[in-house]
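**Student:** Please find one structure pasted underneath; my questions will follow.
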Amino acid sequence: MDCCFEWRRLFLAVLVLCLVRGASGQNAAPQKISDGVWFLVGDSSKGYSNTTIIEMQSYLIVVDANYPARAKELLTISKSLSMKPVRYVFDTHAHGDHSYGNSVWTAAGATTVAFRGVETEMDRWEPARWQVAMTKREDVRETGEADVQRPQKIIDGDTFVLKDKTREVWFIFLGWGHTPGDGYVWLPKEQVLCTGDAAVNGPRNKLLDANIANWPEVLDKALALRPLHVLPGHGAAGGAEILSGQAQFLRDIYGEVKLQTDAGKTPAEMHIKLPESDRNWVPNRPDGLQQDIETVYLELTSHAPAGSIPHVWK
């Protein structure tokens with residue numbers, strides 16, 4: 001009986017892998033980080049974020065709900081990794097590629113979870129951002145909903161812990177970085193840190209909702225955990241260099257824009273040259289660094305976090 005069960009599970013895993021690759025050539029196969037911990041890179045051409053799946057004694061935890069279409073894929077993939085149900089889905093922050101799949105997961109019986117700042121950000125920016133997404137994304141339209149579903153369990157304070165005989169999972173808030181609600185997932189025994197977009201691996205971040213001056217300080221707190229594996233919201237998995245690289249890029253661009261702002265230049269007049277070590281985090285948008293320069297300038301001249309100032313997400 002056990003042999004038959006294992007063969008069925010292996011067949012399902014192969015079938016899921018074929019379906020996922022067929023649907024999207026850029027959705028990589030699940031990467032095993034540790035026993036019962038898998039990292040899944042999302043198809044960036046479809047706007048998907050990365051996802052981490054964590055196996056507990058009797059259930060699974062999913063880090064980041066993703067967009068609705070990817071959430072449906074992940075539900076199937078999770079069954080190929082473990083027959084245990086997904087009980088919790090954690091939104092690392094409020095952006096659509098990390099949270100717009102919430103209702104897919106709750107319909108499947110999971111509980112969505114986030115820090116208080118995620119709900120606050122949703123209440124601030126939604127449903128306007130959801131409605132923009134509806135004009136661009138069929139999977140958002142197909143939900144039939146007019147707004148993003150809010151997380152069902154809100155964490156107040158800085159820490160929430162799930163623990164059983166197999167492992168300990170810490171949900172931690174270290175401060176306003178990428179967004180006011182940034183949540184990290186920390187597995188102390190395995191030394192695995194899931195960062196959402198508080199740290200990405202590659203030119204895939206935006207500063208619009210950030211506290212740019214504070215963000216590197218938050219990443220320093222994450223570095224103090226001494227993670228062995230860093231699983232970012234976008235890009236490949238790696239080590240602590242993802243955290244330190246993101247932090248250094250932010251410090252460098254903030255410092256350069258401040259120097260030129262103090263010299264009386266406007267963003268249109270600025271020519272920012274960053275160290276070669278920052279190249280992995282320089283945006284690959286058509287305007288290059290211009291959006292980031294303008295956002296840092298706004299924060300500097302407003303004397304407030306850029307994300308606290310009314311702006312349009314683009």
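Each chain in the structure tokens gets a letter, A, B and so on, in the order shown; residues start at 1 in every chain, and ligands are counted from 1 in the order they appear.
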Check region 31-263 of chain A with DSSP on the backbone and list each residue it calls strand (DSSP E or B), as a PyMOL selection string.

**Tutor:** chain A and resi 31-34+37-40+51-55+60-63+86-90+111-115+153-155+159-163+168-172+184-187+192-196+229-232+238

**Student:** Could you give me, as an MDAnalysis selection string, each residue of region 146-232 of chain A that DSSP assigns to alpha helix (DSSP H) when run on this structure's backbone?

**Tutor:** chainID A and resid 215:223

**Student:** What's around Ile154 (chain A) at 6 Å? Count only C-alpha atoms, leave out sequence neighbours fewer than 2 positions away in its own chain, and write the answer as an mmCIF file with C-alpha atoms, in the first residue's frame.

**Tutor:**
```
data_model
loop_
_atom_site.group_PDB
_atom_site.id
_atom_site.type_symbol
_atom_site.label_atom_id
_atom_site.label_comp_id
_atom_site.auth_asym_id
_atom_site.auth_seq_id
_atom_site.Cartn_x
_atom_site.Cartn_y
_atom_site.Cartn_z
ATOM 1 C CA VAL A 113 -2.144 36.074 7.479
ATOM 2 C CA ALA A 114 -0.285 39.399 7.478
ATOM 3 C CA PHE A 115 1.024 42.120 9.734
ATOM 4 C CA ARG A 116 -1.249 45.045 10.583
#
```

**Student:** Find the residue from A:Ala199, A:Leu228, A:Val218, A:Val140 that sits nearest to Asn280 (chain A); use only C-alpha atoms when measuring.

**Tutor:**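 Result for the nearest residue to Asn280 (chain A): A:Ala199.
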
**Student:** Excluding same-chain residues fewer than 5 positions from region 61-64 of chain A, what lies within 9 Å of it counting only C-alpha atoms, as number ranges by chain?

**Tutor:** A: 49-56, 78, 85-93, 97-99, 101-102, 185, 194, 196, 233

**Student:** Using C-alpha atoms, can you export the residues from the last selection as a short mmCIF file (atom, residue, chain, number, x, y, z; two decimals), in the first residue's frame?

**Tutor:**
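The resulting selection07.cif:
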```
data_model
loop_
_atom_site.label_atom_id
_atom_site.label_comp_id
_atom_site.auth_asym_id
_atom_site.auth_seq_id
_atom_site.Cartn_x
_atom_site.Cartn_y
_atom_site.Cartn_z
CA SER A 49 6.41 36.68 -7.40
CA ASN A 50 8.35 33.87 -5.77
CA THR A 51 6.75 31.54 -3.24
CA THR A 52 8.03 29.44 -0.37
CA ILE A 53 6.20 26.37 0.92
CA ILE A 54 6.96 25.14 4.44
CA GLU A 55 5.85 21.75 5.71
CA MET A 56 4.77 21.44 9.32
CA SER A 78 1.64 21.92 -3.12
CA PRO A 85 -3.38 20.79 3.49
CA VAL A 86 -2.30 24.41 3.18
CA ARG A 87 -3.44 25.95 6.45
CA TYR A 88 -1.79 29.38 6.38
CA VAL A 89 -0.84 31.75 3.55
CA PHE A 90 1.30 34.71 4.61
CA ASP A 91 1.25 37.99 2.66
CA THR A 92 4.69 39.55 3.08
CA HIS A 93 3.23 42.89 1.94
CA ASP A 97 1.79 40.03 -6.96
CA HIS A 98 2.03 38.97 -3.32
CA SER A 99 -1.58 39.28 -2.15
CA GLY A 101 -4.49 35.57 -4.85
CA ASN A 102 -5.83 35.69 -1.26
CA VAL A 185 9.47 34.57 7.66
CA CYS A 194 11.95 34.69 3.36
CA GLY A 196 9.24 39.24 0.19
CA GLY A 233 10.39 37.95 -3.42
#
```

**Student:** Would you mind listing what lies within 9 Å of Ala108 (chain A) as a ChimeraX atom specification, with only C-alpha atoms counted and same-chain residues fewer than 3 positions away left out?

**Tutor:** /A:75,86,103-105

**Student:** Would you export the selected residues with N, CA and C atoms as a short mmCIF file (atom, residue, chain, number, x, y, z; two decimals), in the first residue's frame, please?

**Tutor:**
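And here is the file that came out, part21.cif:
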```cif
data_model
loop_
_atom_site.label_atom_id
_atom_site.label_comp_id
_atom_site.auth_asym_id
_atom_site.auth_seq_id
_atom_site.Cartn_x
_atom_site.Cartn_y
_atom_site.Cartn_z
N LEU A 75 -1.58 25.76 -5.64
CA LEU A 75 -2.42 24.80 -4.94
C LEU A 75 -2.17 23.38 -5.45
N VAL A 86 -2.83 23.07 2.92
CA VAL A 86 -2.30 24.41 3.18
C VAL A 86 -3.20 25.06 4.22
N SER A 103 -8.06 35.32 -2.15
CA SER A 103 -9.37 34.66 -2.16
C SER A 103 -9.29 33.25 -2.74
N VAL A 104 -8.30 32.98 -3.59
CA VAL A 104 -8.11 31.62 -4.12
C VAL A 104 -7.75 30.68 -2.97
N TRP A 105 -6.88 31.16 -2.11
CA TRP A 105 -6.42 30.32 -1.00
C TRP A 105 -7.51 30.12 0.05
#
```

**Student:** Which of these residues is nearest to Arg129 (chain A), using only C-alpha atoms: A:Gly157, A:Gly117, A:Leu259, A:Asp147?

**Tutor:**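 Selected residue with least distance to Arg129 (chain A): A:Asp147.
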
**Student:** Which is closest to Asp43 (chain A) among A:Glu126, A:Asp287, A:Glu73, A:Glu256, if we use only C-alpha atoms?

**Tutor:**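 For Asp43 (chain A), the nearest of the given residues is A:Glu73.
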
**Student:** What lies within 10 Å of Ser34 (chain A) using only C-alpha atoms, ignoring chain neighbours under 5 positions off, as a PyMOL selection string?

**Tutor:** chain A and resi 39+54+190-192+229

**Student:** Quick one: everything within 8 Å of Val230 (chain A), counting only C-alpha atoms, minus sequence neighbours fewer than 6 positions away in the same chain. Send it as a PyMOL selection string.

**Tutor:** chain A and resi 192-195+237-240+242-243

**Student:** Put those residues in a file: N, CA and C atoms, as a PDB file, in the first residue's frame.

**Tutor:**
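File result-v9.pdb, as written:
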```pdb
ATOM      1  N   VAL A 192      16.759  29.864   7.496  1.00  0.00           N
ATOM      2  CA  VAL A 192      16.137  30.272   6.234  1.00  0.00           C
ATOM      3  C   VAL A 192      15.340  31.540   6.482  1.00  0.00           C
ATOM      4  N   LEU A 193      15.535  32.555   5.634  1.00  0.00           N
ATOM      5  CA  LEU A 193      14.805  33.813   5.750  1.00  0.00           C
ATOM      6  C   LEU A 193      14.082  34.110   4.444  1.00  0.00           C
ATOM      7  N   CYS A 194      12.756  34.259   4.513  1.00  0.00           N
ATOM      8  CA  CYS A 194      11.954  34.690   3.365  1.00  0.00           C
ATOM      9  C   CYS A 194      11.714  36.187   3.507  1.00  0.00           C
ATOM     10  N   THR A 195      12.004  36.956   2.464  1.00  0.00           N
ATOM     11  CA  THR A 195      12.039  38.412   2.595  1.00  0.00           C
ATOM     12  C   THR A 195      10.918  39.154   1.888  1.00  0.00           C
ATOM     13  N   ALA A 237      17.227  32.318  -5.306  1.00  0.00           N
ATOM     14  CA  ALA A 237      17.605  32.189  -3.903  1.00  0.00           C
ATOM     15  C   ALA A 237      19.111  32.369  -3.756  1.00  0.00           C
ATOM     16  N   GLY A 238      19.524  32.760  -2.573  1.00  0.00           N
ATOM     17  CA  GLY A 238      20.949  32.949  -2.323  1.00  0.00           C
ATOM     18  C   GLY A 238      21.221  33.003  -0.840  1.00  0.00           C
ATOM     19  N   GLY A 239      22.224  33.782  -0.489  1.00  0.00           N
ATOM     20  CA  GLY A 239      22.595  33.925   0.907  1.00  0.00           C
ATOM     21  C   GLY A 239      22.459  35.361   1.367  1.00  0.00           C
ATOM     22  N   ALA A 240      23.203  35.690   2.414  1.00  0.00           N
ATOM     23  CA  ALA A 240      23.103  37.013   3.028  1.00  0.00           C
ATOM     24  C   ALA A 240      23.510  38.130   2.079  1.00  0.00           C
ATOM     25  N   ILE A 242      22.286  38.838  -0.650  1.00  0.00           N
ATOM     26  CA  ILE A 242      21.075  39.468  -1.193  1.00  0.00           C
ATOM     27  C   ILE A 242      20.659  40.634  -0.293  1.00  0.00           C
ATOM     28  N   LEU A 243      20.709  40.423   1.012  1.00  0.00           N
ATOM     29  CA  LEU A 243      20.347  41.472   1.968  1.00  0.00           C
ATOM     30  C   LEU A 243      21.349  42.618   1.922  1.00  0.00           C
TER      31      LEU A 243
END
```

**Student:** Calculated over only C-alpha atoms, which of the candidates A:Asp35, A:Asp158, A:Glu269, A:Asp182 has the smallest distance to Val257 (chain A)?

**Tutor:**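 Selected residue with least distance to Val257 (chain A): A:Glu269.
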
**Student:** What is the distance, in Å and to one decimal place, between CA of Ile33 (chain A) and CA of Lys46 (chain A)?

**Tutor:**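 Pair CA of Ile33 (chain A) / CA of Lys46 (chain A) returns 24.3 Å.
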
**Student:** When distances are computed from only C-alpha atoms, which of A:Leu74, A:Ile309, A:Leu250, A:Met270 shows the smallest separation from Gln290 (chain A)?

**Tutor:**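 Counting only C-alpha atoms, the residue closest to Gln290 (chain A) is A:Met270.
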